[in-house]
file start_38.cif (mmCIF, C-alpha atoms)
data_data
loop_
_atom_site.label_atom_id
_atom_site.label_comp_id
_atom_site.auth_asym_id
_atom_site.auth_seq_id
_atom_site.Cartn_x
_atom_site.Cartn_y
_atom_site.Cartn_z
CA MET A 1 75.99 141.37 89.36
CA ASN A 2 79.22 140.10 87.76
CA GLN A 3 81.05 141.09 90.91
CA LYS A 4 78.66 138.97 93.06
CA LEU A 5 79.05 135.94 90.77
CA PHE A 6 82.84 136.29 90.84
CA LEU A 7 82.80 136.54 94.65
CA LEU A 8 80.52 133.49 94.93
CA ALA A 9 82.75 131.46 92.59
CA ALA A 10 85.85 132.44 94.56
CA VAL A 11 84.24 131.35 97.84
CA LEU A 12 83.24 127.99 96.33
CA VAL A 13 86.71 127.36 94.90
CA LEU A 14 88.43 128.24 98.18
CA GLY A 15 85.93 126.15 100.14
CA LEU A 16 86.49 123.11 97.94
CA ALA A 17 90.25 123.57 98.07
CA GLY A 18 90.07 123.66 101.87
CA CYS A 19 88.10 120.38 101.93
CA GLN A 20 90.57 118.81 99.52
CA SER A 21 93.62 119.62 101.62
CA ARG A 22 91.97 118.48 104.87
CA SER A 23 91.11 115.03 103.47
CA SER A 24 94.60 114.50 102.04
CA VAL A 25 96.16 115.19 105.45
CA THR A 26 93.93 112.56 107.05
CA ALA A 27 94.77 110.00 104.37
CA THR A 28 98.54 110.34 104.86
CA GLN A 29 98.68 109.92 108.63
CA ALA A 30 100.97 107.06 109.63
CA PRO A 31 99.60 104.12 111.62
CA PRO A 32 100.70 103.86 115.24
CA SER A 33 103.84 101.81 115.79
CA THR A 34 105.30 99.89 118.71
CA SER A 35 108.49 100.69 120.57
CA SER A 36 110.32 98.03 118.58
CA ALA A 37 109.15 99.26 115.18
CA ALA A 38 111.86 99.34 112.53
CA PRO A 39 111.83 100.57 108.95
CA VAL A 40 110.51 97.88 106.64
CA ARG A 41 111.54 97.61 102.99
CA ALA A 42 110.58 94.46 101.06
CA THR A 43 107.53 92.49 102.16
CA TYR A 44 106.27 89.02 101.30
CA GLN A 45 102.73 87.82 100.72
CA VAL A 46 101.64 85.34 103.39
CA LYS A 47 100.22 82.21 101.78
CA ARG A 48 99.58 80.01 104.84
CA ILE A 49 99.65 80.22 108.63
CA ALA A 50 100.48 76.76 109.97
CA ASP A 51 100.45 77.57 113.68
CA GLY A 52 101.53 80.35 116.05
CA ASP A 53 105.16 80.40 114.91
CA THR A 54 105.29 79.02 111.37
CA ILE A 55 104.09 80.59 108.13
CA THR A 56 104.59 80.15 104.41
CA VAL A 57 105.29 83.24 102.31
CA VAL A 58 105.66 83.72 98.56
CA ASP A 59 108.74 85.43 97.13
CA SER A 60 108.78 87.74 94.08
CA GLN A 61 109.29 84.74 91.73
CA GLY A 62 106.26 82.94 93.17
CA ALA A 63 108.25 80.36 95.16
CA ASP A 64 107.04 79.27 98.59
CA ILE A 65 109.31 79.96 101.57
CA LYS A 66 108.54 78.23 104.87
CA VAL A 67 109.36 80.48 107.80
CA ARG A 68 109.88 79.47 111.43
CA PHE A 69 109.81 82.45 113.81
CA ALA A 70 113.11 83.33 115.46
CA CYS A 71 113.26 83.97 119.22
CA VAL A 72 109.97 82.29 120.21
CA ASP A 73 108.11 79.00 120.45
CA ALA A 74 104.31 79.05 120.32
CA PRO A 75 102.10 76.34 121.80
CA GLU A 76 101.44 73.43 119.46
CA VAL A 77 98.33 72.83 117.38
CA PRO A 78 97.13 69.30 116.59
CA HIS A 79 98.74 67.99 113.41
CA SER A 80 97.23 64.51 113.21
CA LYS A 81 93.83 62.93 113.67
CA LYS A 82 95.14 61.22 116.81
CA GLU A 83 96.17 64.59 118.27
CA ARG A 84 92.88 66.24 117.28
CA TYR A 85 90.89 63.63 119.19
CA SER A 86 93.29 63.19 122.10
CA SER A 87 91.66 63.02 125.53
CA SER A 88 94.91 63.76 127.36
CA PRO A 89 94.51 66.88 129.52
CA ALA A 90 98.09 67.96 128.65
CA ASP A 91 97.38 67.63 124.91
CA ARG A 92 94.05 69.42 125.12
CA ASN A 93 95.61 72.27 127.10
CA GLN A 94 98.55 72.58 124.67
CA PHE A 95 96.23 72.62 121.66
CA ARG A 96 93.87 75.15 123.26
CA TRP A 97 96.75 77.61 123.66
CA GLY A 98 98.08 76.64 120.23
CA ARG A 99 94.77 77.58 118.60
CA GLN A 100 94.76 80.90 120.44
CA ALA A 101 98.31 81.66 119.26
CA HIS A 102 97.36 80.67 115.68
CA ASP A 103 94.23 82.85 115.78
CA ARG A 104 96.13 85.86 117.16
CA LEU A 105 98.86 85.48 114.53
CA THR A 106 96.19 85.27 111.82
CA GLN A 107 94.63 88.47 113.14
CA LEU A 108 97.99 90.29 113.18
CA ILE A 109 98.87 89.20 109.65
CA HIS A 110 95.46 90.27 108.33
CA GLN A 111 95.99 93.67 110.00
CA GLY A 112 99.20 93.93 107.98
CA GLY A 113 97.39 93.28 104.70
CA ASP A 114 98.58 89.65 104.63
CA ARG A 115 102.15 90.85 104.11
CA VAL A 116 105.25 90.54 106.32
CA ALA A 117 108.89 91.57 106.23
CA LEU A 118 111.56 89.03 107.18
CA THR A 119 115.00 89.25 108.73
CA VAL A 120 116.37 85.74 108.22
CA THR A 121 118.71 84.66 111.02
CA ASP A 122 119.23 80.97 110.23
CA THR A 123 117.90 77.85 108.47
CA ASP A 124 116.62 74.99 110.62
CA ARG A 125 117.04 71.24 110.12
CA TYR A 126 113.75 71.10 108.18
CA GLY A 127 114.97 73.70 105.66
CA ARG A 128 112.73 76.46 107.02
CA LYS A 129 114.07 79.98 107.20
CA VAL A 130 114.31 81.11 110.82
CA ALA A 131 113.40 84.79 110.82
CA GLU A 132 112.28 87.83 112.72
CA VAL A 133 108.86 88.67 111.30
CA ARG A 134 107.50 92.21 111.10
CA LEU A 135 104.28 93.68 109.82
CA PRO A 136 104.57 96.38 107.13
CA ASN A 137 104.25 99.09 109.83
CA GLY A 138 107.33 97.68 111.62
CA THR A 139 105.56 95.81 114.43
CA LEU A 140 107.61 92.79 115.53
CA VAL A 141 105.18 89.86 115.57
CA GLN A 142 107.26 87.83 118.05
CA GLU A 143 107.17 90.71 120.54
CA VAL A 144 103.37 90.91 120.37
CA LEU A 145 102.91 87.16 120.85
CA ALA A 146 105.38 87.06 123.76
CA ARG A 147 103.82 90.12 125.44
CA GLU A 148 100.36 88.53 125.21
CA GLY A 149 101.59 85.21 126.64
CA LEU A 150 100.96 83.32 123.41
CA ALA A 151 104.61 82.42 122.76
CA VAL A 152 107.60 81.73 124.98
CA VAL A 153 111.24 82.62 124.47
CA PHE A 154 112.89 79.70 122.66
CA HIS A 155 116.64 79.57 123.22
CA LYS A 156 117.17 77.21 120.28
CA TYR A 157 116.05 79.92 117.82
CA ILE A 158 117.19 83.04 119.66
CA ARG A 159 120.74 82.84 118.32
CA ASN A 160 121.44 85.67 115.86
CA CYS A 161 118.10 87.27 116.75
CA ASP A 162 118.67 91.04 116.89
CA ALA A 163 115.37 91.48 118.73
CA ALA A 164 116.21 88.95 121.48
CA ALA A 165 116.28 91.54 124.27
CA VAL A 166 112.93 93.00 123.19
CA VAL A 167 111.29 89.57 123.06
CA LYS A 168 112.75 88.54 126.43
CA GLN A 169 111.44 91.77 127.98
CA ALA A 170 107.98 91.17 126.46
CA GLU A 171 107.92 87.65 127.93
CA ALA A 172 108.99 88.97 131.35
CA GLN A 173 106.09 91.44 131.28
CA ALA A 174 103.64 88.66 130.36
CA LYS A 175 104.94 86.47 133.20
CA GLN A 176 104.65 89.35 135.66
CA ARG A 177 101.07 90.11 134.56
CA ARG A 178 100.26 86.35 134.36
CA VAL A 179 98.66 86.69 130.92
CA GLY A 180 98.19 83.95 128.38
CA VAL A 181 100.05 80.73 129.15
CA TRP A 182 101.66 82.35 132.21
CA GLY A 183 98.30 82.45 133.95
CA ASP A 184 97.72 78.72 133.39
CA LEU A 185 99.31 76.53 136.06
CA ARG A 186 98.78 73.41 133.90
CA PHE A 187 100.61 74.80 130.87
CA VAL A 188 103.68 72.90 129.65
CA THR A 189 106.09 74.74 127.35
CA PRO A 190 105.92 73.58 123.73
CA SER A 191 109.48 72.19 123.80
CA LYS A 192 108.73 70.09 126.91
CA TRP A 193 105.43 68.95 125.41
CA ARG A 194 107.20 67.86 122.18
CA HIS A 195 109.89 66.05 124.17
CA ARG A 196 107.24 64.11 126.13
CA ASN A 197 105.38 63.18 122.97
CA LYS A 198 108.28 61.86 120.85
#
call {"tool": "encode", "arguments": {"input": "start_38.cif", "output": "structure tokens"}}
result
Amino acid sequence: MNQKLFLLAAVLVLGLAGCQSRSSVTATQAPPSTSSAAPVRATYQVKRIADGDTITVVDSQGADIKVRFACVDAPEVPHSKKERYSSSPADRNQFRWGRQAHDRLTQLIHQGGDRVALTVTDTDRYGRKVAEVRLPNGTLVQEVLAREGLAVVFHKYIRNCDAAAVVKQAEAQAKQRRVGVWGDLRFVTPSKWRHRNK
């Protein structure tokens, strides 16, 4: 009888140990990464997403840092009441794509736990940090937006951008597949739209 109880206890212990090790393997599997994934060290909490290429993050001391994405320019979103109620077809088209870029960026940042890593390449005339932005798993946000046709290569902010070639390639693929803004014959690039609306 003691031998049967010992054997039963041994089977239970080994069975539970097997379940334990199987679940820990599943929990430690790494998330899939993109071809441009890079190791990420420090991350920042995202406080606000202004549009498809501008965010505000909080540093370790609690200070806000405004960040303008390097390499790309996303379609504009309406910033004033006049813009929100504009009946201009060019404005409405720009803002439609701007909302889509904003929504996609919001989705990406939420997927990253509302945290991003920055590689600052410059400071613009508004005092914003111009930076490459990556999710904690290494995904380059600018590459995703360019590949999906929700941002265009912006030569003004591509200087010092280590990922310039990757972003240019992503844009070329979007143009070839005619996705996002590249499938819209009425689309005007954000820089041209801003120039027309000065």
call {"tool": "resolve_selection", "arguments": {"input": "start_38.cif", "expression": "the PyMOL selection byres ((chain A and resi 137-154) around 8)", "output": "JSON list (two decimals) with C-alpha atoms, in the frame of the given file"}}
result
[["chain", "number", "residue", "atom", "x", "y", "z"],
["A", 31, "PRO", "CA", 99.60, 104.12, 111.62],
["A", 33, "SER", "CA", 103.84, 101.81, 115.79],
["A", 34, "THR", "CA", 105.30, 99.89, 118.71],
["A", 36, "SER", "CA", 110.32, 98.03, 118.58],
["A", 37, "ALA", "CA", 109.15, 99.26, 115.18],
["A", 38, "ALA", "CA", 111.86, 99.34, 112.53],
["A", 39, "PRO", "CA", 111.83, 100.57, 108.95],
["A", 40, "VAL", "CA", 110.51, 97.88, 106.64],
["A", 52, "GLY", "CA", 101.53, 80.35, 116.05],
["A", 69, "PHE", "CA", 109.81, 82.45, 113.81],
["A", 70, "ALA", "CA", 113.11, 83.33, 115.46],
["A", 71, "CYS", "CA", 113.26, 83.97, 119.22],
["A", 72, "VAL", "CA", 109.97, 82.29, 120.21],
["A", 73, "ASP", "CA", 108.11, 79.00, 120.45],
["A", 74, "ALA", "CA", 104.31, 79.05, 120.32],
["A", 75, "PRO", "CA", 102.10, 76.34, 121.80],
["A", 97, "TRP", "CA", 96.75, 77.61, 123.66],
["A", 98, "GLY", "CA", 98.08, 76.64, 120.23],
["A", 100, "GLN", "CA", 94.76, 80.90, 120.44],
["A", 101, "ALA", "CA", 98.31, 81.66, 119.26],
["A", 104, "ARG", "CA", 96.13, 85.86, 117.16],
["A", 105, "LEU", "CA", 98.86, 85.48, 114.53],
["A", 108, "LEU", "CA", 97.99, 90.29, 113.18],
["A", 112, "GLY", "CA", 99.20, 93.93, 107.98],
["A", 132, "GLU", "CA", 112.28, 87.83, 112.72],
["A", 133, "VAL", "CA", 108.86, 88.67, 111.30],
["A", 134, "ARG", "CA", 107.50, 92.21, 111.10],
["A", 135, "LEU", "CA", 104.28, 93.68, 109.82],
["A", 136, "PRO", "CA", 104.57, 96.38, 107.13],
["A", 155, "HIS", "CA", 116.64, 79.57, 123.22],
["A", 156, "LYS", "CA", 117.17, 77.21, 120.28],
["A", 157, "TYR", "CA", 116.05, 79.92, 117.82],
["A", 158, "ILE", "CA", 117.19, 83.04, 119.66],
["A", 166, "VAL", "CA", 112.93, 93.00, 123.19],
["A", 167, "VAL", "CA", 111.29, 89.57, 123.06],
["A", 168, "LYS", "CA", 112.75, 88.54, 126.43],
["A", 170, "ALA", "CA", 107.98, 91.17, 126.46],
["A", 171, "GLU", "CA", 107.92, 87.65, 127.93],
["A", 172, "ALA", "CA", 108.99, 88.97, 131.35],
["A", 173, "GLN", "CA", 106.09, 91.44, 131.28],
["A", 174, "ALA", "CA", 103.64, 88.66, 130.36],
["A", 175, "LYS", "CA", 104.94, 86.47, 133.20],
["A", 178, "ARG", "CA", 100.26, 86.35, 134.36],
["A", 179, "VAL", "CA", 98.66, 86.69, 130.92],
["A", 180, "GLY", "CA", 98.19, 83.95, 128.38],
["A", 181, "VAL", "CA", 100.05, 80.73, 129.15],
["A", 182, "TRP", "CA", 101.66, 82.35, 132.21],
["A", 189, "THR", "CA", 106.09, 74.74, 127.35]]
call {"tool": "atom_distance", "arguments": {"input": "start_38.cif", "atom1": "atom CA of Arg186 of chain A", "atom2": "atom CA of Gln169 of chain A"}}
result
23.1 Å
call {"tool": "atom_distance", "arguments": {"input": "start_38.cif", "atom1": "atom CA of Asn197 of chain A", "atom2": "atom CA of Cys161 of chain A"}}
result
27.9 Å
call {"tool": "residues_around", "arguments": {"input": "start_38.cif", "residues": "Val120 of chain A", "least_positions_apart": "5", "cutoff": "8 Å", "atoms": "only C-alpha atoms", "output": "ChimeraX atom specification"}}
result
/A:129-132
call {"tool": "closest_residue", "arguments": {"input": "start_38.cif", "among": "A:Gln111, A:Asn93, A:Gly127, A:His79", "to": "Leu185 of chain A", "atoms": "all atoms listed in the file"}}
result
A:Asn93
call {"tool": "resolve_selection", "arguments": {"input": "start_38.cif", "expression": "the PyMOL selection byres ((chain A and resi 78) around 10)", "output": "PyMOL selection string"}}
result
chain A and resi 51+76-77+79-86+91-92+94-96+98-99
call {"tool": "closest_residue", "arguments": {"input": "start_38.cif", "among": "A:Arg194, A:Val67, A:Val58, A:Ile109", "to": "Asp124 of chain A", "atoms": "only C-alpha atoms"}}
result
A:Val67
call {"tool": "atom_distance", "arguments": {"input": "start_38.cif", "atom1": "atom CA of Val46 of chain A", "atom2": "atom CA of Ala163 of chain A"}}
result
21.5 Å
call {"tool": "closest_residue", "arguments": {"input": "start_38.cif", "among": "A:Tyr126, A:Gly113, A:Gln61, A:Ala90", "to": "Val188 of chain A", "atoms": "only C-alpha atoms"}}
result
A:Ala90
call {"tool": "build_atoms", "arguments": {"input": "start_38.cif", "residues": "segment 121-155 of chain A", "atoms": "N, CA and C atoms", "output": "mmCIF file, in the coordinates of the input"}}
result
data_model
loop_
_atom_site.group_PDB
_atom_site.id
_atom_site.type_symbol
_atom_site.label_atom_id
_atom_site.label_comp_id
_atom_site.auth_asym_id
_atom_site.auth_seq_id
_atom_site.Cartn_x
_atom_site.Cartn_y
_atom_site.Cartn_z
ATOM 1 N N THR A 121 117.578 84.814 110.112
ATOM 2 C CA THR A 121 118.710 84.660 111.020
ATOM 3 C C THR A 121 119.385 83.296 110.898
ATOM 4 N N ASP A 122 118.692 82.320 110.297
ATOM 5 C CA ASP A 122 119.230 80.970 110.230
ATOM 6 C C ASP A 122 118.334 80.110 109.339
ATOM 7 N N THR A 123 118.736 78.857 109.125
ATOM 8 C CA THR A 123 117.900 77.850 108.470
ATOM 9 C C THR A 123 117.883 76.651 109.405
ATOM 10 N N ASP A 124 116.685 76.111 109.683
ATOM 11 C CA ASP A 124 116.620 74.990 110.620
ATOM 12 C C ASP A 124 116.810 73.651 109.911
ATOM 13 N N ARG A 125 116.773 72.573 110.676
ATOM 14 C CA ARG A 125 117.040 71.240 110.120
ATOM 15 C C ARG A 125 115.973 70.776 109.142
ATOM 16 N N TYR A 126 114.814 71.442 109.123
ATOM 17 C CA TYR A 126 113.750 71.100 108.180
ATOM 18 C C TYR A 126 113.810 71.963 106.915
ATOM 19 N N GLY A 127 114.817 72.828 106.826
ATOM 20 C CA GLY A 127 114.970 73.700 105.660
ATOM 21 C C GLY A 127 114.150 74.986 105.741
ATOM 22 N N ARG A 128 113.502 75.218 106.861
ATOM 23 C CA ARG A 128 112.730 76.460 107.020
ATOM 24 C C ARG A 128 113.665 77.611 107.334
ATOM 25 N N LYS A 129 113.314 78.783 106.862
ATOM 26 C CA LYS A 129 114.070 79.980 107.200
ATOM 27 C C LYS A 129 113.639 80.416 108.596
ATOM 28 N N VAL A 130 114.589 80.594 109.483
ATOM 29 C CA VAL A 130 114.310 81.110 110.820
ATOM 30 C C VAL A 130 114.449 82.622 110.704
ATOM 31 N N ALA A 131 113.388 83.345 111.082
ATOM 32 C CA ALA A 131 113.400 84.790 110.820
ATOM 33 C C ALA A 131 112.638 85.591 111.859
ATOM 34 N N GLU A 132 113.079 86.837 112.013
ATOM 35 C CA GLU A 132 112.280 87.830 112.720
ATOM 36 C C GLU A 132 111.204 88.245 111.722
ATOM 37 N N VAL A 133 109.981 88.382 112.185
ATOM 38 C CA VAL A 133 108.860 88.670 111.300
ATOM 39 C C VAL A 133 108.224 89.990 111.743
ATOM 40 N N ARG A 134 108.108 90.909 110.814
ATOM 41 C CA ARG A 134 107.500 92.210 111.100
ATOM 42 C C ARG A 134 106.341 92.478 110.156
ATOM 43 N N LEU A 135 105.369 93.205 110.669
ATOM 44 C CA LEU A 135 104.280 93.680 109.820
ATOM 45 C C LEU A 135 104.797 94.856 109.012
ATOM 46 N N PRO A 136 104.100 95.251 107.948
ATOM 47 C CA PRO A 136 104.570 96.380 107.130
ATOM 48 C C PRO A 136 104.758 97.682 107.914
ATOM 49 N N ASN A 137 104.059 97.857 109.041
ATOM 50 C CA ASN A 137 104.250 99.090 109.830
ATOM 51 C C ASN A 137 105.417 98.976 110.801
ATOM 52 N N GLY A 138 106.145 97.853 110.779
ATOM 53 C CA GLY A 138 107.330 97.680 111.620
ATOM 54 C C GLY A 138 107.096 96.898 112.894
ATOM 55 N N THR A 139 105.859 96.559 113.209
ATOM 56 C CA THR A 139 105.560 95.810 114.430
ATOM 57 C C THR A 139 106.212 94.431 114.379
ATOM 58 N N LEU A 140 106.972 94.094 115.425
ATOM 59 C CA LEU A 140 107.610 92.790 115.530
ATOM 60 C C LEU A 140 106.590 91.780 116.057
ATOM 61 N N VAL A 141 106.228 90.823 115.231
ATOM 62 C CA VAL A 141 105.180 89.860 115.570
ATOM 63 C C VAL A 141 105.571 89.044 116.814
ATOM 64 N N GLN A 142 106.827 88.617 116.895
ATOM 65 C CA GLN A 142 107.260 87.830 118.050
ATOM 66 C C GLN A 142 107.090 88.604 119.357
ATOM 67 N N GLU A 143 107.333 89.898 119.333
ATOM 68 C CA GLU A 143 107.170 90.710 120.540
ATOM 69 C C GLU A 143 105.710 90.723 120.988
ATOM 70 N N VAL A 144 104.803 90.886 120.043
ATOM 71 C CA VAL A 144 103.370 90.910 120.370
ATOM 72 C C VAL A 144 102.941 89.588 120.983
ATOM 73 N N LEU A 145 103.307 88.475 120.344
ATOM 74 C CA LEU A 145 102.910 87.160 120.850
ATOM 75 C C LEU A 145 103.499 86.888 122.229
ATOM 76 N N ALA A 146 104.762 87.264 122.454
ATOM 77 C CA ALA A 146 105.380 87.060 123.760
ATOM 78 C C ALA A 146 104.731 87.948 124.821
ATOM 79 N N ARG A 147 104.435 89.185 124.478
ATOM 80 C CA ARG A 147 103.820 90.120 125.440
ATOM 81 C C ARG A 147 102.416 89.663 125.838
ATOM 82 N N GLU A 148 101.720 88.994 124.926
ATOM 83 C CA GLU A 148 100.360 88.530 125.210
ATOM 84 C C GLU A 148 100.344 87.117 125.810
ATOM 85 N N GLY A 149 101.523 86.545 126.045
ATOM 86 C CA GLY A 149 101.590 85.210 126.640
ATOM 87 C C GLY A 149 101.166 84.115 125.695
ATOM 88 N N LEU A 150 101.341 84.329 124.401
ATOM 89 C CA LEU A 150 100.960 83.320 123.410
ATOM 90 C C LEU A 150 102.166 82.690 122.726
ATOM 91 N N ALA A 151 103.364 83.034 123.210
ATOM 92 C CA ALA A 151 104.610 82.420 122.760
ATOM 93 C C ALA A 151 105.623 82.594 123.882
ATOM 94 N N VAL A 152 106.558 81.664 123.957
ATOM 95 C CA VAL A 152 107.600 81.730 124.980
ATOM 96 C C VAL A 152 108.952 81.897 124.291
ATOM 97 N N VAL A 153 109.893 82.484 125.012
ATOM 98 C CA VAL A 153 111.240 82.620 124.470
ATOM 99 C C VAL A 153 111.789 81.216 124.224
ATOM 100 N N PHE A 154 112.374 81.017 123.046
ATOM 101 C CA PHE A 154 112.890 79.700 122.660
ATOM 102 C C PHE A 154 114.383 79.848 122.381
ATOM 103 N N HIS A 155 115.195 79.352 123.306
ATOM 104 C CA HIS A 155 116.640 79.570 123.220
ATOM 105 C C HIS A 155 117.272 78.913 121.996
#
